[in-house]
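Following: one structure in structure tokens, then a few remarks.
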Amino acid sequence: ALIVYIYRCPQPKRPYSSKMAATEVTVQEEEQQQGLALAYPPTPLSVPHTEQCNLLGGTFAIFVQCALAAAAIGTLVYKRHSEKPQRAWRVWFFDASKQAYAGCLQHLVNIAFGMWFAASGSASECAWYAVNFTISVVCGVFLLWGAMRLYTRIVDRFRLHYLRSGEYGNPPSWQPWLAQLLVWGFLASGEKVVTAVLVIVPLHPLLDSVAVLIERPFLPYPKLELVLVMVIAPILLNSLFFYIIDNIIMRKRPYAEASHDSTRRPLLDDERP
């Protein structure tokens, strides 16, 4: 009877603490979350994509580059009207066309370098174009000035009449102009390569960080960035660059000095006797 009594007597329950209750609630919540995860698998988060500024990004980019070319030509026209004495229109056209030809080559090299450096860095093509263009203008003036000093000495030393910069004969002829056009295009393109090898490539990581900082405020507005780096900034820099380079490549010998050299003939209307 004692054994039956002990067996039937209810066992005392363990005290139910608040810590145990919290643990059970946590377990239940985890089970519910696992069930929801199986029923509704998570979808990958969509990261908002910001359009980058591209140098060859459609009709707008082409229009911007045409505006840049028009601004460069306008700078040379203004310089011709402001200079005294004025060059004849044909002479001015020969000088301006040399700059236009070299400018197109430099522009294509700038675009190629911008796309190349942007592919291996964090900054966009437009930011790299702006950095490359600025460095080229600053360094290019000194490099081209030194190259033209050496070029002029070589031409005078060997009396290469067709290659005397800014002198095309009287009346002006297209043969010396074509020869000078090709030489000037070679010098301008060579300046771009020298600048890239000696300055841009060694400082690529630093310049990439600078380009990222410059374009950060314009990331939501890629077209505005394109206008700034392809029109506004180049117009300001090109105005100075074209003005200086035009003084380098144009003929500056007065008639009184040229008259003592039978191989040199005056090209400006008001220098003729």
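Just remember, in the structure tokens the first chain shown is A, the second B, etc., residues are 1-based per chain, and ligands are 1-based in the order shown.
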Using only C-alpha atoms, which protein or nucleic acid residues come within 10 Å of Leu108 (chain A)? Drop anything in the same chain fewer than 6 positions from it, and give the result as a PDB file with N, CA, C and O atoms, in the first residue's frame.
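What landed in out15.pdb:
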ATOM      1  N   ALA A 102      46.645  69.617 -84.910  1.00  0.00           N
ATOM      2  CA  ALA A 102      47.298  69.112 -83.701  1.00  0.00           C
ATOM      3  C   ALA A 102      46.311  69.001 -82.547  1.00  0.00           C
ATOM      4  O   ALA A 102      46.386  68.061 -81.746  1.00  0.00           O
ATOM      5  N   GLY A 114      41.987  58.940 -71.346  1.00  0.00           N
ATOM      6  CA  GLY A 114      40.929  58.998 -70.334  1.00  0.00           C
ATOM      7  C   GLY A 114      40.217  57.669 -70.176  1.00  0.00           C
ATOM      8  O   GLY A 114      39.956  57.219 -69.052  1.00  0.00           O
ATOM      9  N   SER A 189      51.570  65.452 -80.743  1.00  0.00           N
ATOM     10  CA  SER A 189      51.246  64.109 -80.273  1.00  0.00           C
ATOM     11  C   SER A 189      52.376  63.547 -79.415  1.00  0.00           C
ATOM     12  O   SER A 189      52.132  62.860 -78.412  1.00  0.00           O
TER      13      SER A 189
END
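Using only C-alpha atoms for every distance, the candidate list A:Asn110, A:Gln175, A:Ser97, A:Asn170 yields A:Asn110 as the residue closest to Ile135 (chain A).
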Just to confirm, what's the straight-line distance from CA of Pro176 (chain A) to CA of Phe94 (chain A) in Å (one decimal)?
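That distance, rounded to one decimal, is 9.7 Å.
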Residues within 10 Å of Gln106 (chain A), only C-alpha atoms, excluding chain neighbours under 5 positions, as a list in words
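Final neighbour list, sorted by chain and number: Ala100, Tyr101, Ile111, Ala112, Phe133, Ser136, Gly185, Ala188, Ser189, Gly190, Glu191, Lys192 and Val193 of chain A.
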Would you mind exporting N, CA, C and O atoms of the selected residues as a PDB file, in the first residue's frame?
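Once written, again.pdb looks like this:
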ATOM      1  N   ALA A 100      44.585  73.428 -85.350  1.00  0.00           N
ATOM      2  CA  ALA A 100      43.380  72.606 -85.364  1.00  0.00           C
ATOM      3  C   ALA A 100      43.720  71.131 -85.569  1.00  0.00           C
ATOM      4  O   ALA A 100      43.166  70.248 -84.897  1.00  0.00           O
ATOM      5  N   TYR A 101      44.644  70.873 -86.487  1.00  0.00           N
ATOM      6  CA  TYR A 101      45.068  69.494 -86.744  1.00  0.00           C
ATOM      7  C   TYR A 101      45.717  68.884 -85.508  1.00  0.00           C
ATOM      8  O   TYR A 101      45.361  67.768 -85.082  1.00  0.00           O
ATOM      9  N   ILE A 111      41.143  61.495 -75.140  1.00  0.00           N
ATOM     10  CA  ILE A 111      40.013  60.574 -74.970  1.00  0.00           C
ATOM     11  C   ILE A 111      40.518  59.153 -74.754  1.00  0.00           C
ATOM     12  O   ILE A 111      40.039  58.430 -73.867  1.00  0.00           O
ATOM     13  N   ALA A 112      41.509  58.737 -75.558  1.00  0.00           N
ATOM     14  CA  ALA A 112      42.052  57.381 -75.408  1.00  0.00           C
ATOM     15  C   ALA A 112      42.679  57.183 -74.036  1.00  0.00           C
ATOM     16  O   ALA A 112      42.446  56.167 -73.369  1.00  0.00           O
ATOM     17  N   PHE A 133      43.923  66.477 -69.318  1.00  0.00           N
ATOM     18  CA  PHE A 133      43.938  67.707 -70.115  1.00  0.00           C
ATOM     19  C   PHE A 133      44.666  68.825 -69.361  1.00  0.00           C
ATOM     20  O   PHE A 133      45.465  69.568 -69.950  1.00  0.00           O
ATOM     21  N   SER A 136      48.374  68.181 -69.344  1.00  0.00           N
ATOM     22  CA  SER A 136      48.918  68.365 -70.686  1.00  0.00           C
ATOM     23  C   SER A 136      49.067  69.832 -71.044  1.00  0.00           C
ATOM     24  O   SER A 136      50.045  70.227 -71.695  1.00  0.00           O
ATOM     25  N   GLY A 185      51.938  68.354 -86.039  1.00  0.00           N
ATOM     26  CA  GLY A 185      51.103  67.289 -85.497  1.00  0.00           C
ATOM     27  C   GLY A 185      51.926  66.224 -84.793  1.00  0.00           C
ATOM     28  O   GLY A 185      51.539  65.705 -83.736  1.00  0.00           O
ATOM     29  N   ALA A 188      53.096  67.741 -81.412  1.00  0.00           N
ATOM     30  CA  ALA A 188      52.005  67.842 -80.435  1.00  0.00           C
ATOM     31  C   ALA A 188      51.624  66.474 -79.881  1.00  0.00           C
ATOM     32  O   ALA A 188      51.385  66.323 -78.675  1.00  0.00           O
ATOM     33  N   SER A 189      51.570  65.452 -80.743  1.00  0.00           N
ATOM     34  CA  SER A 189      51.246  64.109 -80.273  1.00  0.00           C
ATOM     35  C   SER A 189      52.376  63.547 -79.415  1.00  0.00           C
ATOM     36  O   SER A 189      52.132  62.860 -78.412  1.00  0.00           O
ATOM     37  N   GLY A 190      53.619  63.837 -79.804  1.00  0.00           N
ATOM     38  CA  GLY A 190      54.748  63.394 -78.991  1.00  0.00           C
ATOM     39  C   GLY A 190      54.746  64.006 -77.617  1.00  0.00           C
ATOM     40  O   GLY A 190      55.104  63.351 -76.625  1.00  0.00           O
ATOM     41  N   GLU A 191      54.311  65.261 -77.532  1.00  0.00           N
ATOM     42  CA  GLU A 191      54.210  65.913 -76.211  1.00  0.00           C
ATOM     43  C   GLU A 191      53.229  65.180 -75.313  1.00  0.00           C
ATOM     44  O   GLU A 191      53.458  65.018 -74.104  1.00  0.00           O
ATOM     45  N   LYS A 192      52.115  64.700 -75.878  1.00  0.00           N
ATOM     46  CA  LYS A 192      51.125  63.970 -75.086  1.00  0.00           C
ATOM     47  C   LYS A 192      51.716  62.673 -74.544  1.00  0.00           C
ATOM     48  O   LYS A 192      51.502  62.316 -73.377  1.00  0.00           O
ATOM     49  N   VAL A 193      52.463  61.962 -75.398  1.00  0.00           N
ATOM     50  CA  VAL A 193      53.053  60.691 -74.961  1.00  0.00           C
ATOM     51  C   VAL A 193      54.100  60.923 -73.880  1.00  0.00           C
ATOM     52  O   VAL A 193      54.153  60.203 -72.877  1.00  0.00           O
TER      53      VAL A 193
END
